[in-house]
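To be precise, the following lines are structure.tsv, and they hold TSV, C-alpha atoms.
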chain	number	residue	atom	x	y	z
A	23	ASP	CA	-20.80	-20.74	-28.79
A	24	GLY	CA	-19.48	-17.88	-30.91
A	25	GLY	CA	-21.85	-15.18	-31.97
A	26	ILE	CA	-23.01	-11.61	-31.85
A	27	THR	CA	-24.99	-10.37	-28.89
A	28	GLN	CA	-27.17	-7.31	-29.11
A	29	SER	CA	-28.88	-5.88	-26.10
A	30	PRO	CA	-31.50	-5.06	-25.19
A	31	LYS	CA	-33.95	-6.78	-27.54
A	32	TYR	CA	-36.56	-4.06	-27.07
A	33	LEU	CA	-35.86	-0.47	-26.05
A	34	PHE	CA	-38.25	2.38	-25.40
A	35	ARG	CA	-37.20	6.00	-25.07
A	36	LYS	CA	-38.73	9.41	-24.97
A	37	GLU	CA	-38.04	11.84	-27.77
A	38	GLY	CA	-35.00	14.00	-27.08
A	39	GLN	CA	-33.10	11.35	-25.16
A	40	ASN	CA	-29.89	9.76	-26.36
A	41	VAL	CA	-29.80	5.97	-26.24
A	42	THR	CA	-26.95	3.49	-26.67
A	43	LEU	CA	-27.39	0.07	-28.26
A	44	SER	CA	-24.91	-2.61	-27.30
A	45	CYS	CA	-23.20	-5.02	-29.70
A	46	GLU	CA	-20.61	-7.59	-28.64
A	47	GLN	CA	-19.03	-10.37	-30.72
A	48	ASN	CA	-16.76	-13.26	-29.77
A	49	LEU	CA	-16.07	-14.42	-33.32
A	50	ASN	CA	-12.73	-12.63	-33.47
A	51	HIS	CA	-13.98	-10.74	-36.50
A	52	ASP	CA	-12.17	-7.58	-37.54
A	53	ALA	CA	-15.08	-5.76	-39.15
A	54	MET	CA	-18.31	-4.69	-37.50
A	55	TYR	CA	-21.36	-2.91	-38.88
A	56	TRP	CA	-24.59	-1.23	-37.86
A	57	TYR	CA	-27.63	-1.39	-40.11
A	58	ARG	CA	-31.08	0.03	-39.70
A	59	GLN	CA	-34.23	-1.63	-41.05
A	60	ASP	CA	-37.63	0.03	-41.35
A	61	PRO	CA	-40.86	-1.90	-42.12
A	62	GLY	CA	-40.87	-3.16	-45.71
A	63	GLN	CA	-37.38	-1.81	-46.28
A	64	GLY	CA	-34.02	-3.33	-46.78
A	65	LEU	CA	-31.05	-2.76	-44.53
A	66	ARG	CA	-29.39	0.64	-44.64
A	67	LEU	CA	-25.82	1.05	-43.46
A	68	ILE	CA	-25.25	3.47	-40.57
A	69	TYR	CA	-21.60	2.98	-39.62
A	70	TYR	CA	-18.92	0.37	-40.06
A	71	SER	CA	-15.54	-0.32	-38.54
A	72	GLN	CA	-12.72	-2.34	-40.06
A	73	ILE	CA	-10.30	-2.14	-37.14
A	74	VAL	CA	-10.16	-0.95	-33.55
A	75	ASN	CA	-10.26	2.82	-33.08
A	76	ASP	CA	-11.38	3.40	-36.66
A	77	PHE	CA	-14.84	3.67	-38.20
A	78	GLN	CA	-16.52	5.13	-41.28
A	79	LYS	CA	-19.92	6.62	-41.98
A	80	GLY	CA	-22.39	4.65	-44.00
A	81	ASP	CA	-25.30	5.98	-46.01
A	82	ILE	CA	-27.38	7.27	-43.09
A	83	ALA	CA	-24.92	8.26	-40.35
A	84	GLU	CA	-26.56	11.56	-39.43
A	85	GLY	CA	-27.90	11.51	-35.88
A	86	TYR	CA	-25.83	8.47	-34.88
A	87	SER	CA	-22.42	7.96	-33.29
A	88	VAL	CA	-20.25	4.91	-32.65
A	89	SER	CA	-17.03	3.90	-30.96
A	90	ARG	CA	-14.68	0.96	-31.43
A	91	GLU	CA	-12.40	0.87	-28.42
A	92	LYS	CA	-12.24	-2.93	-28.36
A	93	LYS	CA	-12.31	-5.48	-31.16
A	94	GLU	CA	-15.28	-7.23	-29.56
A	95	SER	CA	-17.50	-4.19	-29.03
A	96	PHE	CA	-19.16	-1.68	-31.35
A	97	PRO	CA	-21.86	0.32	-29.49
A	98	LEU	CA	-24.22	2.62	-31.38
A	99	THR	CA	-25.61	5.81	-29.86
A	100	VAL	CA	-28.83	7.17	-31.29
A	101	THR	CA	-28.80	10.88	-30.53
A	102	SER	CA	-31.66	13.33	-30.26
A	103	ALA	CA	-30.56	14.70	-33.65
A	104	GLN	CA	-31.86	11.56	-35.38
A	105	LYS	CA	-35.25	12.63	-36.77
A	106	ASN	CA	-36.90	9.21	-37.04
A	107	PRO	CA	-35.11	6.86	-34.65
A	108	THR	CA	-37.83	4.23	-34.31
A	109	ALA	CA	-36.55	1.19	-36.23
A	110	PHE	CA	-35.03	-2.28	-36.01
A	111	TYR	CA	-31.26	-2.00	-35.52
A	112	LEU	CA	-28.98	-4.81	-36.61
A	113	CYS	CA	-25.34	-5.24	-35.71
A	114	ALA	CA	-23.18	-7.48	-37.85
A	115	SER	CA	-19.61	-8.61	-38.18
A	116	SER	CA	-17.40	-10.18	-40.80
A	117	ILE	CA	-13.96	-11.77	-40.76
A	118	SER	CA	-12.40	-8.90	-42.62
A	119	ALA	CA	-13.86	-6.10	-44.66
A	120	ARG	CA	-10.80	-6.31	-46.91
A	121	GLU	CA	-11.45	-9.87	-48.02
A	122	PRO	CA	-14.48	-9.63	-50.29
A	123	TYR	CA	-14.57	-13.34	-51.02
A	124	ASN	CA	-14.70	-14.22	-47.37
A	125	SER	CA	-16.84	-11.50	-45.94
A	126	PRO	CA	-20.34	-12.82	-45.36
A	127	LEU	CA	-21.99	-10.87	-42.61
A	128	HIS	CA	-23.07	-12.54	-39.40
A	129	PHE	CA	-25.92	-10.73	-37.72
A	130	GLY	CA	-26.98	-10.30	-34.13
A	131	ASN	CA	-30.64	-10.74	-33.18
A	132	GLY	CA	-31.33	-7.03	-33.38
A	133	THR	CA	-32.67	-4.31	-31.11
A	134	ARG	CA	-36.10	-2.88	-31.74
A	135	LEU	CA	-36.06	0.77	-30.68
A	136	THR	CA	-39.25	2.72	-30.16
A	137	VAL	CA	-39.09	6.45	-29.51
A	138	THR	CA	-42.24	8.30	-28.52
B	27	GLN	CA	-25.84	6.32	-54.85
B	28	LYS	CA	-25.13	2.67	-55.58
B	29	GLU	CA	-28.30	0.60	-55.48
B	30	VAL	CA	-29.55	-2.94	-55.37
B	31	GLU	CA	-33.05	-3.43	-56.74
B	32	GLN	CA	-35.49	-6.24	-55.99
B	33	ASN	CA	-39.14	-6.78	-56.74
B	34	SER	CA	-40.85	-6.52	-53.36
B	35	GLY	CA	-43.43	-9.19	-54.23
B	36	PRO	CA	-45.11	-11.00	-52.69
B	37	LEU	CA	-44.08	-13.92	-54.83
B	38	SER	CA	-46.44	-16.83	-54.28
B	39	VAL	CA	-45.62	-20.39	-55.32
B	40	PRO	CA	-47.17	-23.75	-54.46
B	41	GLU	CA	-45.26	-26.28	-52.39
B	42	GLY	CA	-42.82	-28.25	-54.53
B	43	ALA	CA	-42.49	-25.57	-57.20
B	44	ILE	CA	-39.40	-23.58	-58.16
B	45	ALA	CA	-39.24	-20.05	-56.76
B	46	SER	CA	-37.21	-17.55	-58.76
B	47	LEU	CA	-35.98	-14.39	-57.05
B	48	ASN	CA	-34.26	-11.65	-59.00
B	49	CYS	CA	-31.97	-8.75	-58.22
B	50	THR	CA	-30.17	-6.07	-60.22
B	51	TYR	CA	-27.34	-3.83	-59.06
B	52	SER	CA	-25.97	-0.53	-60.27
B	53	ASP	CA	-22.33	-0.66	-59.16
B	54	ARG	CA	-20.30	-2.32	-61.92
B	55	GLY	CA	-17.41	-2.52	-59.47
B	56	SER	CA	-19.28	-4.91	-57.19
B	57	GLN	CA	-17.59	-8.30	-57.14
B	58	SER	CA	-19.45	-10.39	-54.59
B	59	PHE	CA	-23.15	-10.95	-54.09
B	60	PHE	CA	-25.07	-12.44	-51.22
B	61	TRP	CA	-28.51	-13.83	-50.58
B	62	TYR	CA	-29.98	-13.63	-47.10
B	63	ARG	CA	-33.24	-15.00	-45.77
B	64	GLN	CA	-35.12	-13.07	-43.11
B	65	TYR	CA	-38.11	-14.38	-41.21
B	66	SER	CA	-40.52	-11.82	-39.82
B	67	GLY	CA	-39.08	-10.11	-36.74
B	68	LYS	CA	-35.77	-11.96	-37.01
B	69	SER	CA	-32.31	-11.09	-38.25
B	70	PRO	CA	-31.09	-12.09	-41.71
B	71	GLU	CA	-29.42	-15.47	-42.25
B	72	LEU	CA	-26.92	-16.07	-45.02
B	73	ILE	CA	-28.09	-18.53	-47.68
B	74	MET	CA	-25.20	-18.29	-50.09
B	75	PHE	CA	-22.86	-15.96	-51.90
B	76	ILE	CA	-21.51	-15.87	-55.42
B	77	TYR	CA	-18.70	-13.95	-57.12
B	78	SER	CA	-18.12	-15.75	-60.42
B	79	ASN	CA	-20.34	-15.53	-63.47
B	80	GLY	CA	-22.56	-18.55	-63.86
B	81	ASP	CA	-24.36	-20.80	-61.42
B	82	LYS	CA	-23.56	-21.90	-57.90
B	83	GLU	CA	-25.58	-24.67	-56.31
B	84	ASP	CA	-26.04	-25.49	-52.63
B	85	GLY	CA	-28.70	-28.07	-51.90
B	86	ARG	CA	-32.08	-26.75	-53.07
B	87	PHE	CA	-30.65	-23.30	-53.75
B	88	THR	CA	-28.94	-22.07	-56.90
B	89	ALA	CA	-27.49	-18.60	-57.26
B	90	GLN	CA	-26.91	-17.20	-60.73
B	91	LEU	CA	-24.71	-14.23	-61.58
B	92	ASN	CA	-24.44	-12.31	-64.84
B	93	LYS	CA	-22.03	-9.42	-64.40
B	94	ALA	CA	-22.53	-8.12	-67.95
B	95	SER	CA	-26.24	-7.66	-67.24
B	96	GLN	CA	-25.63	-6.73	-63.58
B	97	TYR	CA	-28.13	-9.37	-62.58
B	98	VAL	CA	-28.23	-11.87	-59.75
B	99	SER	CA	-30.89	-14.47	-59.10
B	100	LEU	CA	-31.74	-17.14	-56.57
B	101	LEU	CA	-33.65	-20.29	-57.47
B	102	ILE	CA	-35.25	-22.38	-54.77
B	103	ARG	CA	-36.19	-25.88	-55.93
B	104	ASP	CA	-38.86	-27.98	-54.26
B	105	SER	CA	-40.12	-24.96	-52.32
B	106	GLN	CA	-41.40	-25.67	-48.82
B	107	PRO	CA	-43.73	-23.64	-46.61
B	108	SER	CA	-40.72	-23.09	-44.32
B	109	ASP	CA	-39.10	-21.16	-47.17
B	110	SER	CA	-41.74	-18.45	-46.73
B	111	ALA	CA	-39.71	-15.40	-45.76
B	112	THR	CA	-38.21	-12.22	-47.14
B	113	TYR	CA	-35.13	-12.74	-49.29
B	114	LEU	CA	-32.54	-9.98	-49.31
B	115	CYS	CA	-30.04	-9.54	-52.10
B	116	ALA	CA	-26.81	-7.72	-51.25
B	117	ALA	CA	-23.80	-6.54	-53.21
B	118	LEU	CA	-20.36	-5.89	-51.80
B	119	ASN	CA	-19.37	-2.33	-52.65
B	120	GLN	CA	-16.44	-1.70	-54.95
B	121	ALA	CA	-14.18	-0.80	-52.03
B	122	GLY	CA	-14.97	-4.18	-50.50
B	123	THR	CA	-15.89	-2.56	-47.22
B	124	ALA	CA	-19.65	-2.98	-46.83
B	125	LEU	CA	-22.73	-4.71	-48.20
B	126	ILE	CA	-25.44	-2.76	-49.97
B	127	PHE	CA	-28.84	-4.41	-49.54
B	128	GLY	CA	-31.96	-4.43	-51.64
B	129	LYS	CA	-35.37	-4.01	-50.03
B	130	GLY	CA	-36.10	-7.70	-50.24
B	131	THR	CA	-38.63	-9.97	-51.94
B	132	THR	CA	-41.31	-11.63	-49.85
B	133	LEU	CA	-41.85	-15.27	-50.79
B	134	SER	CA	-44.95	-17.19	-49.79
B	135	VAL	CA	-45.05	-20.96	-50.32
B	136	SER	CA	-48.49	-22.47	-49.96
B	137	SER	CA	-49.07	-26.09	-48.94

Would you put the structure from the file into structure tokens?
Amino acid sequence: DGGITQSPKYLFRKEGQNVTLSCEQNLNHDAMYWYRQDPGQGLRLIYYSQIVNDFQKGDIAEGYSVSREKKESFPLTVTSAQKNPTAFYLCASSISAREPYNSPLHFGNGTRLTVT
Amino acid sequence: QKEVEQNSGPLSVPEGAIASLNCTYSDRGSQSFFWYRQYSGKSPELIMFIYSNGDKEDGRFTAQLNKASQYVSLLIRDSQPSDSATYLCAALNQAGTALIFGKGTTLSVSS
């Protein structure tokens, strides 16, 4: 079955440590995204990538980094520079970010990160 | 900062009633709009999207778009307790590169 796999589901880290969240898709989608969700809040865009080896900052990119070395993979690193990293992180993909009428997002199941 | 605004609710309706969820957006360049449903602790699921003024129906759901008023709504007919969730409205940004989400409206359907 095609889909988006995020791992792990739950992640615990100590403050000051970098942590990498995995996101893999087998939908052959060109575009991939990372969103963050805090309790009672909507989704806020961290980074997105339209093609391999290219990515753009979203609204809240500070303290995060990404890479897109393969079409299927878009890992997110939460660095120690992120002031409030505890949140629910959602990875998503769409067929093409350049086709607005055919670009519904498909989401992974999310990673809940807790930093203490 | 382009924004999508939703009433956070909770919106409470009895089973069988029509639930009306509303959303406004600030970016006049937005062309496509999406409604997602999110159950507690889960990831969002697409309900439907709309990009033409007017109504679009899919089963018990109807999306309505008024670009002049920058207003999008979702109607849920014959509401069921299983419809109880948070509904997220999203607008595709003018560049067509990413979705901007509202904070969501929590719907509670009582049996």

Check: Near region 54-59 of chain B, within 12 Å and counting all atoms listed in the file, which residues show up once chain neighbours fewer than 2 positions away are dropped, as a PyMOL selection string?
Finding: (chain A and resi 121-127) or (chain B and resi 28-30+49-52+61-62+72-79+82+89-100+114-128)

Would you write out, as a Markdown table, a table of all residues in chain A that have an atom no more than 12 Å from an atom of chain B, listing for each the closest atom pair and the distance in Å to one decimal, considering only C-alpha atoms and ordering rows by chain and rising residue number?
| residue | atom | partner | partner_atom | distance |
| --- | --- | --- | --- | --- |
| A:Ile26 | CA | B:Ser69 | CA | 11.3 |
| A:Thr27 | CA | B:Ser69 | CA | 11.9 |
| A:Gln28 | CA | B:Ser69 | CA | 11.1 |
| A:Lys31 | CA | B:Lys68 | CA | 10.9 |
| A:Tyr32 | CA | B:Gly67 | CA | 11.7 |
| A:Asp52 | CA | B:Thr123 | CA | 11.5 |
| A:Ala53 | CA | B:Thr123 | CA | 8.7 |
| A:Met54 | CA | B:Ala124 | CA | 9.6 |
| A:Tyr55 | CA | B:Ala124 | CA | 8.1 |
| A:Trp56 | CA | B:Ala124 | CA | 10.4 |
| A:Tyr57 | CA | B:Phe127 | CA | 10.0 |
| A:Arg58 | CA | B:Phe127 | CA | 11.0 |
| A:Gln59 | CA | B:Lys129 | CA | 9.4 |
| A:Asp60 | CA | B:Lys129 | CA | 9.8 |
| A:Pro61 | CA | B:Lys129 | CA | 9.9 |
| A:Gly62 | CA | B:Lys129 | CA | 7.0 |
| A:Gln63 | CA | B:Lys129 | CA | 4.8 |
| A:Gly64 | CA | B:Lys129 | CA | 3.6 |
| A:Leu65 | CA | B:Phe127 | CA | 5.7 |
| A:Arg66 | CA | B:Phe127 | CA | 7.1 |
| A:Leu67 | CA | B:Ile126 | CA | 7.6 |
| A:Ile68 | CA | B:Ala124 | CA | 10.6 |
| A:Tyr69 | CA | B:Ala124 | CA | 9.6 |
| A:Tyr70 | CA | B:Ala124 | CA | 7.6 |
| A:Ser71 | CA | B:Thr123 | CA | 9.0 |
| A:Gln72 | CA | B:Thr123 | CA | 7.8 |
| A:Ile73 | CA | B:Thr123 | CA | 11.5 |
| A:Phe77 | CA | B:Thr123 | CA | 11.0 |
| A:Gln78 | CA | B:Thr123 | CA | 9.7 |
| A:Lys79 | CA | B:Ala124 | CA | 10.8 |
| A:Gly80 | CA | B:Ala124 | CA | 8.6 |
| A:Asp81 | CA | B:Gln27 | CA | 8.9 |
| A:Ile82 | CA | B:Gln27 | CA | 11.9 |
| A:Ala109 | CA | B:Gly67 | CA | 11.6 |
| A:Phe110 | CA | B:Gly67 | CA | 8.8 |
| A:Tyr111 | CA | B:Ser69 | CA | 9.5 |
| A:Leu112 | CA | B:Ser69 | CA | 7.3 |
| A:Cys113 | CA | B:Ser69 | CA | 9.4 |
| A:Ala114 | CA | B:Ser69 | CA | 9.8 |
| A:Ser115 | CA | B:Ala124 | CA | 10.3 |
| A:Ser116 | CA | B:Ala124 | CA | 9.7 |
| A:Ile117 | CA | B:Thr123 | CA | 11.4 |
| A:Ser118 | CA | B:Thr123 | CA | 8.6 |
| A:Ala119 | CA | B:Thr123 | CA | 4.8 |
| A:Arg120 | CA | B:Gly122 | CA | 5.9 |
| A:Glu121 | CA | B:Gly122 | CA | 7.1 |
| A:Pro122 | CA | B:Gly122 | CA | 5.5 |
| A:Tyr123 | CA | B:Ser58 | CA | 6.7 |
| A:Asn124 | CA | B:Ser58 | CA | 9.5 |
| A:Ser125 | CA | B:Gly122 | CA | 8.8 |
| A:Pro126 | CA | B:Leu72 | CA | 7.3 |
| A:Leu127 | CA | B:Leu72 | CA | 7.6 |
| A:His128 | CA | B:Glu71 | CA | 7.6 |
| A:Phe129 | CA | B:Ser69 | CA | 6.4 |
| A:Gly130 | CA | B:Ser69 | CA | 6.8 |
| A:Asn131 | CA | B:Ser69 | CA | 5.3 |
| A:Gly132 | CA | B:Ser69 | CA | 6.4 |
| A:Thr133 | CA | B:Ser69 | CA | 9.9 |
| A:Arg134 | CA | B:Gly67 | CA | 9.3 |

Notebook entry, point to check: Which distance in Å separates CA of Lys105 (chain A) and CA of Val74 (chain A), to one decimal?
Noted result: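 Straight-line distance from CA of Lys105 (chain A) to CA of Val74 (chain A) works out to 28.7 Å.
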
Next item on the list: Would you mind telling me which residue in A:Lys93, A:Val137, A:Gln47, A:Pro107 lies nearest to Asn75 (chain A) when using only C-alpha atoms?
Entry: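 Smallest distance to Asn75 (chain A) is found for A:Lys93.
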
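For the atom pair formed by CA of Leu101 (chain B) and CA of Val39 (chain B), the distance is 12.2 Å, given to one decimal.
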
Check: By how many Å are CA of Glu94 (chain A) and CA of Cys45 (chain A) apart?
Finding: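 Rounded to one decimal, the two atoms are 8.2 Å apart.
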
Checklist line | Non-local contacts of Gln104 (chain A) (10 Å; only C-alpha atoms; under 5 positions in same chain excluded) as a list in words | finding: Glu37, Gly38, Asn40, Ile82, Ala83, Glu84, Gly85 and Tyr86 of chain A

Padding 8 Å on each side, edges along x, y and z: where is the centre of the box around the listed atoms of region 94-103 of chain A, and how long are its edges in Å to one decimal? Output it as lines of an AutoDock Vina configuration file.
center_x = -23.5
center_y = 3.7
center_z = -31.3
size_x = 32.4
size_y = 37.9
size_z = 20.6
